[in-house]
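coords-v1.cif (mmCIF, C-alpha atoms)
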```cif
data_final
loop_
_atom_site.group_PDB
_atom_site.id
_atom_site.type_symbol
_atom_site.label_atom_id
_atom_site.label_comp_id
_atom_site.auth_asym_id
_atom_site.auth_seq_id
_atom_site.Cartn_x
_atom_site.Cartn_y
_atom_site.Cartn_z
ATOM 1 C CA MET A 1157 108.754 96.388 80.275
ATOM 2 C CA SER A 1158 109.077 92.796 81.152
ATOM 3 C CA LEU A 1159 107.961 89.281 80.550
ATOM 4 C CA PRO A 1160 104.337 88.631 81.487
ATOM 5 C CA ILE A 1161 105.477 86.336 84.273
ATOM 6 C CA ASP A 1162 102.162 86.320 86.120
ATOM 7 C CA ALA A 1163 100.242 85.329 82.985
ATOM 8 C CA ILE A 1164 102.779 82.611 82.162
ATOM 9 C CA LYS A 1165 102.634 81.237 85.696
ATOM 10 C CA ALA A 1166 98.839 81.231 85.694
ATOM 11 C CA ALA A 1167 98.716 79.373 82.387
ATOM 12 C CA LEU A 1168 101.320 76.825 83.425
ATOM 13 C CA LEU A 1169 99.589 76.267 86.757
ATOM 14 C CA ALA A 1170 96.202 75.731 85.105
ATOM 15 C CA TRP A 1171 97.725 73.271 82.654
ATOM 16 C CA VAL A 1172 99.627 71.253 85.261
ATOM 17 C CA GLN A 1173 96.736 71.273 87.740
ATOM 18 C CA ASP A 1174 94.230 70.104 85.150
ATOM 19 C CA ALA A 1175 96.401 67.505 83.474
ATOM 20 C CA SER A 1176 98.144 65.836 86.411
ATOM 21 C CA THR A 1177 96.464 64.148 89.340
ATOM 22 C CA GLY A 1178 97.798 63.462 92.786
ATOM 23 C CA PHE A 1179 100.833 65.683 92.416
ATOM 24 C CA LYS A 1180 101.486 68.635 94.674
ATOM 25 C CA ILE A 1181 102.499 71.560 92.484
ATOM 26 C CA LEU A 1182 104.875 74.339 93.404
ATOM 27 C CA PHE A 1183 106.853 77.067 91.736
ATOM 28 C CA ALA A 1184 110.633 76.791 92.101
ATOM 29 C CA ASP A 1185 112.968 78.695 94.418
ATOM 30 C CA GLN A 1186 110.594 79.702 97.187
ATOM 31 C CA ASN A 1187 112.975 78.840 100.040
ATOM 32 C CA ARG A 1188 110.162 77.072 101.811
ATOM 33 C CA PRO A 1189 109.808 73.487 103.111
ATOM 34 C CA ALA A 1190 110.294 70.703 100.620
ATOM 35 C CA PRO A 1191 107.018 68.833 100.137
ATOM 36 C CA GLY A 1192 106.788 65.086 100.158
ATOM 37 C CA THR A 1193 106.472 63.131 96.936
ATOM 38 C CA PRO A 1194 104.923 63.097 94.467
ATOM 39 C CA HIS A 1195 105.218 66.695 93.432
ATOM 40 C CA ILE A 1196 105.941 68.786 90.346
ATOM 41 C CA VAL A 1197 108.159 71.865 90.379
ATOM 42 C CA ILE A 1198 107.560 74.586 87.786
ATOM 43 C CA ASN A 1199 110.665 76.598 86.990
ATOM 44 C CA THR A 1200 109.001 79.429 85.142
ATOM 45 C CA ALA A 1201 111.635 81.191 83.097
ATOM 46 C CA LEU A 1202 114.980 79.500 82.590
ATOM 47 C CA THR A 1203 115.750 81.610 79.530
ATOM 48 C CA SER A 1204 114.146 84.348 77.507
ATOM 49 C CA ARG A 1205 115.103 85.262 73.983
ATOM 50 C CA ARG A 1206 113.849 87.617 71.336
ATOM 51 C CA ILE A 1207 112.228 86.030 68.312
ATOM 52 C CA GLY A 1208 113.854 87.464 65.201
ATOM 53 C CA LEU A 1209 116.656 89.978 64.825
ATOM 54 C CA ASP A 1210 114.687 92.834 66.300
ATOM 55 C CA ASP A 1211 111.199 93.688 67.466
ATOM 56 C CA GLU A 1212 108.721 94.732 64.795
ATOM 57 C CA ALA A 1213 107.652 98.355 65.205
ATOM 58 C CA ILE A 1214 104.116 99.122 64.034
ATOM 59 C CA TRP A 1215 103.746 102.832 63.214
ATOM 60 C CA ASP A 1216 100.497 104.606 64.061
ATOM 61 C CA ALA A 1217 100.516 107.807 61.985
ATOM 62 C CA ASP A 1218 97.496 109.260 63.738
ATOM 63 C CA ASP A 1219 99.042 109.161 67.185
ATOM 64 C CA ALA A 1220 102.659 109.309 65.989
ATOM 65 C CA VAL A 1221 103.512 106.327 68.158
ATOM 66 C CA SER A 1222 105.215 103.045 67.371
ATOM 67 C CA THR A 1223 103.980 99.882 69.014
ATOM 68 C CA LEU A 1224 106.660 97.260 69.483
ATOM 69 C CA ALA A 1225 105.680 93.651 68.878
ATOM 70 C CA ALA A 1226 108.135 92.256 71.419
ATOM 71 C CA HIS A 1227 107.702 88.537 70.930
ATOM 72 C CA ARG A 1228 109.719 86.452 73.335
ATOM 73 C CA ARG A 1229 110.421 82.757 73.601
ATOM 74 C CA VAL A 1230 110.685 81.599 77.200
ATOM 75 C CA SER A 1231 111.923 78.188 78.227
ATOM 76 C CA VAL A 1232 110.298 76.531 81.210
ATOM 77 C CA SER A 1233 111.390 73.418 83.069
ATOM 78 C CA LEU A 1234 108.986 70.994 84.687
ATOM 79 C CA GLN A 1235 110.484 68.602 87.208
ATOM 80 C CA ALA A 1236 108.484 65.741 88.694
ATOM 81 C CA PHE A 1237 109.494 63.786 91.789
ATOM 82 C CA GLY A 1238 108.090 60.543 93.164
ATOM 83 C CA ALA A 1239 106.101 57.582 91.911
ATOM 84 C CA GLY A 1240 104.477 58.271 88.565
ATOM 85 C CA ALA A 1241 106.819 61.146 87.685
ATOM 86 C CA VAL A 1242 107.530 59.995 84.145
ATOM 87 C CA ALA A 1243 103.870 59.215 83.426
ATOM 88 C CA ALA A 1244 102.827 62.599 84.795
ATOM 89 C CA LEU A 1245 105.096 64.523 82.443
ATOM 90 C CA THR A 1246 104.229 62.417 79.415
ATOM 91 C CA GLY A 1247 100.574 63.036 80.283
ATOM 92 C CA LEU A 1248 101.202 66.773 80.442
ATOM 93 C CA GLN A 1249 102.939 66.600 77.069
ATOM 94 C CA ASP A 1250 99.948 64.760 75.589
ATOM 95 C CA ALA A 1251 97.466 67.205 77.082
ATOM 96 C CA LEU A 1252 98.914 70.072 75.060
ATOM 97 C CA GLU A 1253 97.715 68.324 71.910
ATOM 98 C CA TYR A 1254 94.035 68.752 72.804
ATOM 99 C CA PRO A 1255 93.021 72.028 71.151
ATOM 100 C CA THR A 1256 90.026 72.611 73.386
ATOM 101 C CA LEU A 1257 92.101 72.244 76.529
ATOM 102 C CA TYR A 1258 95.072 74.142 75.138
ATOM 103 C CA ALA A 1259 92.929 77.132 74.274
ATOM 104 C CA GLY A 1260 91.726 77.441 77.832
ATOM 105 C CA TRP A 1261 95.189 77.288 79.298
ATOM 106 C CA PHE A 1262 97.228 79.378 76.894
ATOM 107 C CA SER A 1263 95.533 80.961 73.907
ATOM 108 C CA GLY A 1264 93.273 83.223 75.941
ATOM 109 C CA ASP A 1265 96.271 85.066 77.352
ATOM 110 C CA SER A 1266 98.034 85.428 73.998
ATOM 111 C CA LEU A 1267 100.443 82.712 74.972
ATOM 112 C CA ALA A 1268 101.604 79.656 73.100
ATOM 113 C CA ALA A 1269 103.278 76.571 74.476
ATOM 114 C CA HIS A 1270 104.879 73.449 73.138
ATOM 115 C CA THR A 1271 107.285 70.795 74.320
ATOM 116 C CA PRO A 1272 110.310 70.837 72.032
ATOM 117 C CA GLY A 1273 112.174 67.945 73.557
ATOM 118 C CA GLU A 1274 111.720 64.693 75.356
ATOM 119 C CA VAL A 1275 110.601 63.674 78.790
ATOM 120 C CA ARG A 1276 113.758 62.606 80.553
ATOM 121 C CA ASN A 1277 113.717 59.812 83.116
ATOM 122 C CA LEU A 1278 116.120 61.062 85.779
ATOM 123 C CA SER A 1279 115.347 58.510 88.470
ATOM 124 C CA GLY A 1280 118.179 58.078 90.902
ATOM 125 C CA MET A 1281 119.252 57.428 94.446
ATOM 126 C CA LEU A 1282 117.888 59.433 97.328
ATOM 127 C CA GLY A 1283 119.727 58.250 100.404
ATOM 128 C CA SER A 1284 119.686 54.481 100.079
ATOM 129 C CA ARG A 1285 116.551 54.191 97.937
ATOM 130 C CA TYR A 1286 115.726 54.947 94.339
ATOM 131 C CA GLU A 1287 113.345 57.788 93.631
ATOM 132 C CA GLN A 1288 111.521 58.256 90.342
ATOM 133 C CA ARG A 1289 112.181 61.662 88.819
ATOM 134 C CA ALA A 1290 111.518 63.173 85.426
ATOM 135 C CA GLN A 1291 112.083 66.463 83.647
ATOM 136 C CA MET A 1292 110.645 68.117 80.578
ATOM 137 C CA ASP A 1293 111.323 71.419 78.832
ATOM 138 C CA VAL A 1294 108.439 73.602 77.723
ATOM 139 C CA VAL A 1295 108.698 76.595 75.414
ATOM 140 C CA VAL A 1296 106.245 79.419 75.956
ATOM 141 C CA THR A 1297 105.911 82.178 73.393
ATOM 142 C CA CYS A 1298 104.597 85.472 74.692
ATOM 143 C CA LEU A 1299 104.526 89.200 74.127
ATOM 144 C CA ASN A 1300 106.500 91.519 76.377
ATOM 145 C CA THR A 1301 104.382 94.260 77.829
ATOM 146 C CA ASP A 1302 104.605 97.272 80.078
ATOM 147 C CA ASP A 1303 102.586 95.922 82.988
ATOM 148 C CA GLY A 1304 99.992 94.614 80.562
ATOM 149 C CA ASP A 1305 100.099 97.561 78.171
ATOM 150 C CA PRO A 1306 101.775 97.279 74.768
ATOM 151 C CA LEU A 1307 105.326 98.582 74.505
ATOM 152 C CA THR A 1308 105.247 101.889 72.662
ATOM 153 C CA ASP A 1309 107.854 104.308 71.397
ATOM 154 C CA ASP A 1310 107.225 107.986 70.704
ATOM 155 C CA PRO A 1311 109.989 109.091 68.304
ATOM 156 C CA GLY A 1312 108.267 112.381 67.431
ATOM 157 C CA TYR A 1313 108.019 113.842 63.893
ATOM 158 C CA PHE A 1314 108.818 117.000 61.909
ATOM 159 C CA ASP A 1315 105.885 119.356 61.705
ATOM 160 C CA ALA A 1316 107.771 122.158 59.942
ATOM 161 C CA LEU A 1317 110.855 122.617 57.771
ATOM 162 C CA THR A 1318 112.988 125.752 57.493
ATOM 163 C CA TYR A 1319 115.522 126.147 54.702
ATOM 164 C CA ASP A 1320 117.545 128.775 52.911
ATOM 165 C CA SER A 1321 120.018 128.999 50.019
ATOM 166 C CA PRO A 1322 122.177 132.121 49.695
ATOM 167 C CA ALA A 1323 123.495 130.875 46.347
ATOM 168 C CA LEU A 1324 119.986 130.757 44.919
ATOM 169 C CA GLY A 1325 118.907 133.839 46.773
ATOM 170 C CA ILE A 1326 116.405 131.962 48.918
ATOM 171 C CA LEU A 1327 115.932 133.478 52.295
ATOM 172 C CA ASP A 1328 114.815 131.575 55.364
ATOM 173 C CA THR A 1329 111.632 129.832 54.357
ATOM 174 C CA THR A 1330 109.421 127.646 56.524
ATOM 175 C CA ILE A 1331 106.942 125.132 55.236
ATOM 176 C CA PRO A 1332 104.172 124.935 55.964
ATOM 177 C CA GLU A 1333 104.032 128.671 56.442
ATOM 178 C CA MET B 1021 112.545 70.930 137.722
ATOM 179 C CA PRO B 1022 114.435 72.171 134.669
ATOM 180 C CA VAL B 1023 117.640 74.130 134.648
ATOM 181 C CA ASN B 1024 117.083 77.729 135.670
ATOM 182 C CA PHE B 1025 118.711 79.404 132.665
ATOM 183 C CA PRO B 1026 119.072 83.139 133.273
ATOM 184 C CA SER B 1027 118.936 84.537 129.741
ATOM 185 C CA ASP B 1028 115.897 85.263 127.621
ATOM 186 C CA ILE B 1029 116.226 84.058 124.051
ATOM 187 C CA THR B 1030 113.729 84.985 121.376
ATOM 188 C CA VAL B 1031 112.832 82.035 119.182
ATOM 189 C CA THR B 1032 110.932 82.482 115.929
ATOM 190 C CA ARG B 1033 108.282 79.839 115.429
ATOM 191 C CA PHE B 1034 106.617 79.276 112.083
ATOM 192 C CA SER B 1035 103.167 78.135 111.138
ATOM 193 C CA ALA B 1036 102.665 74.973 109.192
ATOM 194 C CA GLY B 1037 101.624 75.496 105.624
ATOM 195 C CA ASP B 1038 101.209 74.026 102.214
ATOM 196 C CA TYR B 1039 101.639 74.913 98.551
ATOM 197 C CA ILE B 1040 98.363 76.444 97.397
ATOM 198 C CA ASP B 1041 98.184 77.085 93.662
ATOM 199 C CA GLY B 1042 101.923 76.539 93.560
ATOM 200 C CA VAL B 1043 102.794 79.106 96.214
ATOM 201 C CA TRP B 1044 103.747 78.496 99.842
ATOM 202 C CA THR B 1045 100.958 79.613 102.155
ATOM 203 C CA ALA B 1046 101.032 79.425 105.938
ATOM 204 C CA GLY B 1047 97.987 77.682 107.358
ATOM 205 C CA ALA B 1048 96.464 74.262 107.831
ATOM 206 C CA TRP B 1049 93.909 71.927 106.278
ATOM 207 C CA VAL B 1050 90.672 71.671 108.237
ATOM 208 C CA ASP B 1051 88.024 69.294 106.892
ATOM 209 C CA ASP B 1052 89.496 69.370 103.371
ATOM 210 C CA GLU B 1053 89.600 73.139 103.396
ATOM 211 C CA PHE B 1054 92.804 75.103 103.685
ATOM 212 C CA VAL B 1055 92.613 77.794 106.342
ATOM 213 C CA PRO B 1056 95.378 80.417 106.008
ATOM 214 C CA ALA B 1057 97.205 81.368 109.200
ATOM 215 C CA ASP B 1058 96.989 84.896 110.547
ATOM 216 C CA ASP B 1059 100.769 85.159 110.663
ATOM 217 C CA GLU B 1060 103.481 83.160 109.007
ATOM 218 C CA SER B 1061 105.546 83.294 112.197
ATOM 219 C CA THR B 1062 105.404 84.319 115.821
ATOM 220 C CA THR B 1063 108.052 84.699 118.491
ATOM 221 C CA VAL B 1064 108.343 82.881 121.788
ATOM 222 C CA THR B 1065 110.781 83.612 124.589
ATOM 223 C CA VAL B 1066 112.663 80.765 126.185
ATOM 224 C CA HIS B 1067 115.194 80.773 128.990
ATOM 225 C CA GLY B 1068 118.436 79.258 127.862
ATOM 226 C CA ASN B 1069 121.927 79.778 126.569
ATOM 227 C CA ILE B 1070 123.619 79.364 123.211
ATOM 228 C CA GLN B 1071 127.077 77.972 122.647
ATOM 229 C CA ASP B 1072 129.398 77.052 119.836
ATOM 230 C CA PRO B 1073 128.992 73.452 118.663
ATOM 231 C CA SER B 1074 131.293 70.592 119.545
ATOM 232 C CA ASN B 1075 133.052 68.665 116.795
ATOM 233 C CA SER B 1076 130.460 65.935 117.241
ATOM 234 C CA ASP B 1077 127.683 68.486 116.795
ATOM 235 C CA VAL B 1078 129.222 69.689 113.552
ATOM 236 C CA ARG B 1079 129.490 66.152 112.182
ATOM 237 C CA THR B 1080 125.882 65.477 113.149
ATOM 238 C CA ALA B 1081 124.724 68.716 111.565
ATOM 239 C CA GLU B 1082 126.659 67.950 108.390
ATOM 240 C CA ALA B 1083 125.022 64.539 108.117
ATOM 241 C CA ILE B 1084 121.525 65.968 108.643
ATOM 242 C CA CYS B 1085 122.060 68.747 106.146
ATOM 243 C CA ARG B 1086 123.611 66.451 103.551
ATOM 244 C CA ALA B 1087 120.635 64.096 103.734
ATOM 245 C CA ALA B 1088 118.379 67.050 102.976
ATOM 246 C CA GLY B 1089 120.536 68.174 100.069
ATOM 247 C CA LYS B 1090 121.854 71.202 101.918
ATOM 248 C CA THR B 1091 125.303 72.455 102.772
ATOM 249 C CA LEU B 1092 126.184 73.245 106.380
ATOM 250 C CA ILE B 1093 127.776 76.680 106.658
ATOM 251 C CA GLY B 1094 127.704 77.083 110.439
ATOM 252 C CA ALA B 1095 126.178 75.611 113.573
ATOM 253 C CA ALA B 1096 125.267 76.579 117.143
ATOM 254 C CA VAL B 1097 123.698 74.827 120.101
ATOM 255 C CA LEU B 1098 120.733 76.181 122.052
ATOM 256 C CA ARG B 1099 120.033 74.806 125.507
ATOM 257 C CA CYS B 1100 116.720 75.906 126.958
ATOM 258 C CA ASN B 1101 113.988 74.942 129.386
ATOM 259 C CA GLU B 1102 111.075 74.841 126.955
ATOM 260 C CA PRO B 1103 110.490 72.661 123.918
ATOM 261 C CA VAL B 1104 111.703 73.913 120.575
ATOM 262 C CA TYR B 1105 111.200 72.242 117.241
ATOM 263 C CA ALA B 1106 113.006 71.111 114.132
ATOM 264 C CA ASP B 1107 111.066 71.151 110.873
ATOM 265 C CA ASP B 1108 108.133 68.785 110.602
ATOM 266 C CA PRO B 1109 107.936 67.119 107.188
ATOM 267 C CA ASP B 1110 104.420 65.846 107.859
ATOM 268 C CA THR B 1111 102.815 69.244 108.432
ATOM 269 C CA LEU B 1112 105.512 71.111 106.460
ATOM 270 C CA ARG B 1113 106.110 73.317 109.477
ATOM 271 C CA PRO B 1114 109.488 75.060 109.153
ATOM 272 C CA ALA B 1115 111.974 74.717 112.001
ATOM 273 C CA ASP B 1116 112.205 77.188 114.880
ATOM 274 C CA ARG B 1117 114.957 79.766 114.479
ATOM 275 C CA PHE B 1118 117.144 81.463 117.061
ATOM 276 C CA PRO B 1119 119.659 84.301 116.832
ATOM 277 C CA PHE B 1120 123.311 83.979 117.813
ATOM 278 C CA GLU B 1121 126.038 86.573 117.328
ATOM 279 C CA GLY B 1122 124.055 88.451 114.723
ATOM 280 C CA ARG B 1123 123.126 85.446 112.651
ATOM 281 C CA THR B 1124 120.106 83.188 112.495
ATOM 282 C CA TYR B 1125 120.104 79.440 113.011
ATOM 283 C CA ALA B 1126 117.382 76.934 112.141
ATOM 284 C CA ILE B 1127 116.957 74.017 114.496
ATOM 285 C CA ILE B 1128 117.697 70.694 112.856
ATOM 286 C CA LYS B 1129 117.696 68.335 115.862
ATOM 287 C CA VAL B 1130 116.278 68.481 119.380
ATOM 288 C CA THR B 1131 117.028 66.177 122.306
ATOM 289 C CA HIS B 1132 115.632 66.295 125.823
ATOM 290 C CA ARG B 1133 118.284 65.802 128.466
ATOM 291 C CA SER B 1134 116.473 64.409 131.493
ATOM 292 C CA THR B 1135 118.708 61.774 133.068
ATOM 293 C CA LEU B 1136 119.249 64.059 136.040
ATOM 294 C CA PRO B 1137 115.929 65.768 136.766
ATOM 295 C CA ALA B 1138 117.638 68.789 138.266
ATOM 296 C CA LEU B 1139 119.487 69.348 134.993
ATOM 297 C CA ALA B 1140 116.654 68.536 132.613
ATOM 298 C CA HIS B 1141 116.619 70.765 129.537
ATOM 299 C CA TYR B 1142 116.208 70.749 125.779
ATOM 300 C CA ARG B 1143 119.298 70.742 123.625
ATOM 301 C CA ALA B 1144 118.747 72.011 120.098
ATOM 302 C CA LEU B 1145 121.278 71.864 117.288
ATOM 303 C CA GLY B 1146 120.946 74.766 114.867
ATOM 304 C CA ALA B 1147 122.279 75.201 111.335
ATOM 305 C CA LEU B 1148 123.225 78.661 110.131
ATOM 306 C CA ILE B 1149 120.827 80.115 107.609
ATOM 307 C CA ALA B 1150 122.283 82.024 104.690
ATOM 308 C CA ALA B 1151 121.350 85.681 104.677
ATOM 309 C CA ASN B 1152 119.406 85.451 101.421
ATOM 310 C CA THR B 1153 116.541 83.306 102.590
ATOM 311 C CA GLU B 1154 113.767 85.295 101.022
ATOM 312 C CA ASP B 1155 111.501 83.892 98.355
ATOM 313 C CA ALA B 1156 113.600 83.744 95.186
ATOM 314 C CA SER B 1157 110.924 82.471 92.861
ATOM 315 C CA LEU B 1158 109.689 84.483 89.912
#
```

File written out as structure tokens:
Amino acid sequence: MSLPIDAIKAALLAWVQDASTGFKILFADQNRPAPGTPHIVINTALTSRRIGLDDEAIWDADDAVSTLAAHRRVSVSLQAFGAGAVAALTGLQDALEYPTLYAGWFSGDSLAAHTPGEVRNLSGMLGSRYEQRAQMDVVVTCLNTDDGDPLTDDPGYFDALTYDSPALGILDTTIPE
Amino acid sequence: MPVNFPSDITVTRFSAGDYIDGVWTAGAWVDDEFVPADDESTTVTVHGNIQDPSNSDVRTAEAICRAAGKTLIGAAVLRCNEPVYADDPDTLRPADRFPFEGRTYAIIKVTHRSTLPALAHYRALGALIAANTEDASL
């Protein structure tokens, strides 16, 4: 069981590719050459937390199996580097507000996304020159799965009961007989 | 006539590449179409020798690494009779790597020593690569 990382990455990539122009896009921590600017780095899962005190278990009496609704809230960081970094992230934030676009990026994969905070202007020195940089948090809500299948629990059930009571003179009795 | 170095040294040479759909992919752009490379890296054999760095080499390596936002954790110098390459930021080709005393070094600077033709050779400064260089992305 795990986070649907591939689905989250695909949704984030589609969103950032569609709603930013001229920026090279890469996922973080690949240990590969640093691209030139401008580019946007997607840090896919900074944190993951359960929503609620515990996961809701939905009991299926026919199959005697519980399905766990393992909703998770995942925080994502987008970092933009180079000219237009701040505008790119504010544009991405705006793009989430278009329902028709949002549905194509996230809803189809049972994902939800919103930007809970602000776009931060983190421009600073790189060597002897200023470089424009910006960062924005994104929260993605998803459902943990077992490689795409729902998480299930098979606790079993009693199909027979045996009891006795010497005081009442009841011998070993099993129901149903 | 370059220096006749006696030892064979295996250098790992990487393909250029780019970030395709967010993921590093070895290959090159041809007529606006990205053509993946057959292999991310190949090996070439050069004749040369490898030595510990001088103090000046270490200071140079520290400055180069610091400018790239990296920390220098070790250095070595490769002298050889064939060209070797540092990383190329234009094509995003990673630097050549060479082994020394069980560790791997990435070339960060190359000079061609040719003042005396009989002693002409390439001098490459390498920075030690941490062991955990695999893709760490999710």

Practice task
Compile the contact shell of Leu1224 of chain A as JSON, numbers by chain: residues with an atom at most 8 Å away, counting only C-alpha atoms, same-chain residues fewer than 4 positions apart removed.
Solution key: {"A": [1211, 1212, 1213, 1214, 1306, 1307, 1308, 1309]}

Chain B near chain A within 12 Å: what's each residue's closest atom pair and its distance in Å to one decimal, counting all atoms listed in the file, ordered by chain then ascending residue number, as CSV?
```
residue,atom,partner,partner_atom,distance
B:Phe1034,CA,A:Arg1188,CA,11.1
B:Ser1035,CA,A:Pro1189,CA,11.4
B:Ala1036,CA,A:Pro1189,CA,9.5
B:Gly1037,CA,A:Pro1189,CA,8.8
B:Asp1038,CA,A:Pro1191,CA,8.1
B:Tyr1039,CA,A:Leu1182,CA,6.1
B:Ile1040,CA,A:Leu1182,CA,7.9
B:Asp1041,CA,A:Leu1169,CA,7.1
B:Gly1042,CA,A:Leu1182,CA,3.7
B:Val1043,CA,A:Leu1182,CA,5.9
B:Trp1044,CA,A:Arg1188,CA,6.9
B:Thr1045,CA,A:Arg1188,CA,9.6
B:Ala1046,CA,A:Arg1188,CA,10.3
B:Glu1060,CA,A:Arg1188,CA,11.6
B:Ala1083,CA,A:Gly1283,CA,11.3
B:Ile1084,CA,A:Gly1283,CA,11.4
B:Arg1086,CA,A:Gly1283,CA,9.6
B:Ala1087,CA,A:Gly1283,CA,6.8
B:Ala1088,CA,A:Ala1190,CA,9.2
B:Gly1089,CA,A:Leu1282,CA,9.5
B:Lys1090,CA,A:Ala1190,CA,11.6
B:Ala1106,CA,A:Pro1189,CA,11.7
B:Asp1107,CA,A:Pro1189,CA,8.2
B:Asp1108,CA,A:Pro1189,CA,9.0
B:Pro1109,CA,A:Pro1191,CA,7.3
B:Asp1110,CA,A:Gly1192,CA,8.1
B:Thr1111,CA,A:Pro1191,CA,9.3
B:Leu1112,CA,A:Pro1189,CA,5.9
B:Arg1113,CA,A:Pro1189,CA,7.4
B:Pro1114,CA,A:Pro1189,CA,6.3
B:Ala1115,CA,A:Pro1189,CA,9.2
B:Ile1149,CA,A:Asn1187,CA,11.0
B:Ala1150,CA,A:Asn1187,CA,10.9
B:Ala1151,CA,A:Asn1187,CA,11.8
B:Asn1152,CA,A:Asn1187,CA,9.3
B:Thr1153,CA,A:Asn1187,CA,6.3
B:Glu1154,CA,A:Asn1187,CA,6.6
B:Asp1155,CA,A:Gln1186,CA,4.4
B:Ala1156,CA,A:Asp1185,CA,5.1
B:Ser1157,CA,A:Asp1185,CA,4.6
B:Leu1158,CA,A:Thr1200,CA,7.0
```

Handout entry: Interatomic distance, atom CA of Tyr1142 of chain B to atom CA of Leu1098 of chain B (Å, one decimal)
Key = 8.0 Å

Handout entry: Separation of atom CA of Asn1069 of chain B from atom CA of Thr1091 of chain B in Å
Key = 25.1 Å

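Residue neighbourhood of Pro1026 of chain B, excluding near-sequence residues (fewer than 5 positions): Val1066, His1067, Gly1068, Asn1069 and Cys1100 of chain B, at 10 Å, using all atoms listed in the file.
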
Output for the residues just chosen: C-alpha atoms as a CSV table (one decimal), in the frame of the given file:
```csv
chain,number,residue,atom,x,y,z
B,1066,VAL,CA,112.7,80.8,126.2
B,1067,HIS,CA,115.2,80.8,129.0
B,1068,GLY,CA,118.4,79.3,127.9
B,1069,ASN,CA,121.9,79.8,126.6
B,1100,CYS,CA,116.7,75.9,127.0
```

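Computed from the coordinates, the atom CA of Thr1177 of chain A to atom CA of Asp1250 of chain A distance equals 14.2 Å.
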
Exercise for the section: Just say which residues the PyMOL selection byres ((chain A and resi 1269) around 8) picks in this file, as a list in words. Expected result: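 That selection, the PyMOL selection byres ((chain A and resi 1269) around 8), comes back as Leu1252, Phe1262, Leu1267, Ala1268, His1270, Thr1271, Val1294, Val1295, Val1296 and Thr1297 of chain A.
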
Handout entry: For Ala1163 of chain A: contacts at 10 Å, only C-alpha atoms, fewer than 4 positions along chain excluded, given as an MDAnalysis selection string
Key = chainID A and resid 1159 1167:1169 1262 1265:1267 1298 1304

Practice task
Using the chain letters and numbers from the file, give me the residues hit by the PyMOL selection byres ((chain B and resi 1072) around 12), as a PyMOL selection string.
Solution key: chain B and resi 1069-1071+1073-1078+1094-1099+1120-1121+1125+1144-1148

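Among the candidate residues A:Asp1293, A:Asp1210, A:Asp1303, A:Glu1333, the one lying nearest to Thr1246 of chain A is A:Asp1293, with distances computed using all atoms listed in the file.
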
For the file shown, what are the residues hit by the PyMOL selection byres ((chain A and resi 1208) around 12), laid out as an mmCIF file with C-alpha atoms, in the frame of the given file?
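Contents of selection_6.cif, freshly written:
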```
data_model
loop_
_atom_site.group_PDB
_atom_site.id
_atom_site.type_symbol
_atom_site.label_atom_id
_atom_site.label_comp_id
_atom_site.auth_asym_id
_atom_site.auth_seq_id
_atom_site.Cartn_x
_atom_site.Cartn_y
_atom_site.Cartn_z
ATOM 1 C CA ARG A 1205 115.103 85.262 73.983
ATOM 2 C CA ARG A 1206 113.849 87.617 71.336
ATOM 3 C CA ILE A 1207 112.228 86.030 68.312
ATOM 4 C CA LEU A 1209 116.656 89.978 64.825
ATOM 5 C CA ASP A 1210 114.687 92.834 66.300
ATOM 6 C CA ASP A 1211 111.199 93.688 67.466
ATOM 7 C CA GLU A 1212 108.721 94.732 64.795
ATOM 8 C CA ALA A 1225 105.680 93.651 68.878
ATOM 9 C CA ALA A 1226 108.135 92.256 71.419
ATOM 10 C CA HIS A 1227 107.702 88.537 70.930
ATOM 11 C CA ARG A 1228 109.719 86.452 73.335
ATOM 12 C CA ARG A 1229 110.421 82.757 73.601
#
```

Exercise for the section: Would you please work out which residue, of B:Thr1063, B:Asn1101, B:Thr1032, B:Ser1027, is nearest to Ser1134 of chain B when using all atoms listed in the file? Expected result: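 So, comparing all the options, the nearest one is B:Asn1101.
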
Contact residues around Thr1203 of chain A with all atoms listed in the file at 9 Å, ignoring same-chain residues under 3 positions, as an mmCIF file with C-alpha atoms, in the frame of the given file:
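Contents of out04.cif, as written:
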```
data_model
loop_
_atom_site.group_PDB
_atom_site.id
_atom_site.type_symbol
_atom_site.label_atom_id
_atom_site.label_comp_id
_atom_site.auth_asym_id
_atom_site.auth_seq_id
_atom_site.Cartn_x
_atom_site.Cartn_y
_atom_site.Cartn_z
ATOM 1 C CA ARG A 1229 110.421 82.757 73.601
ATOM 2 C CA VAL A 1230 110.685 81.599 77.200
ATOM 3 C CA SER A 1231 111.923 78.188 78.227
ATOM 4 C CA VAL A 1232 110.298 76.531 81.210
#
```

Around all listed atoms of segment 1318-1323 of chain A, padded 5 Å per side, what centre and edge lengths does the axis-aligned box have in Å to one decimal, as AutoDock Vina command-line options?
```
--center_x 118.2 --center_y 128.9 --center_z 51.9 --size_x 20.5 --size_y 16.4 --size_z 21.1
```
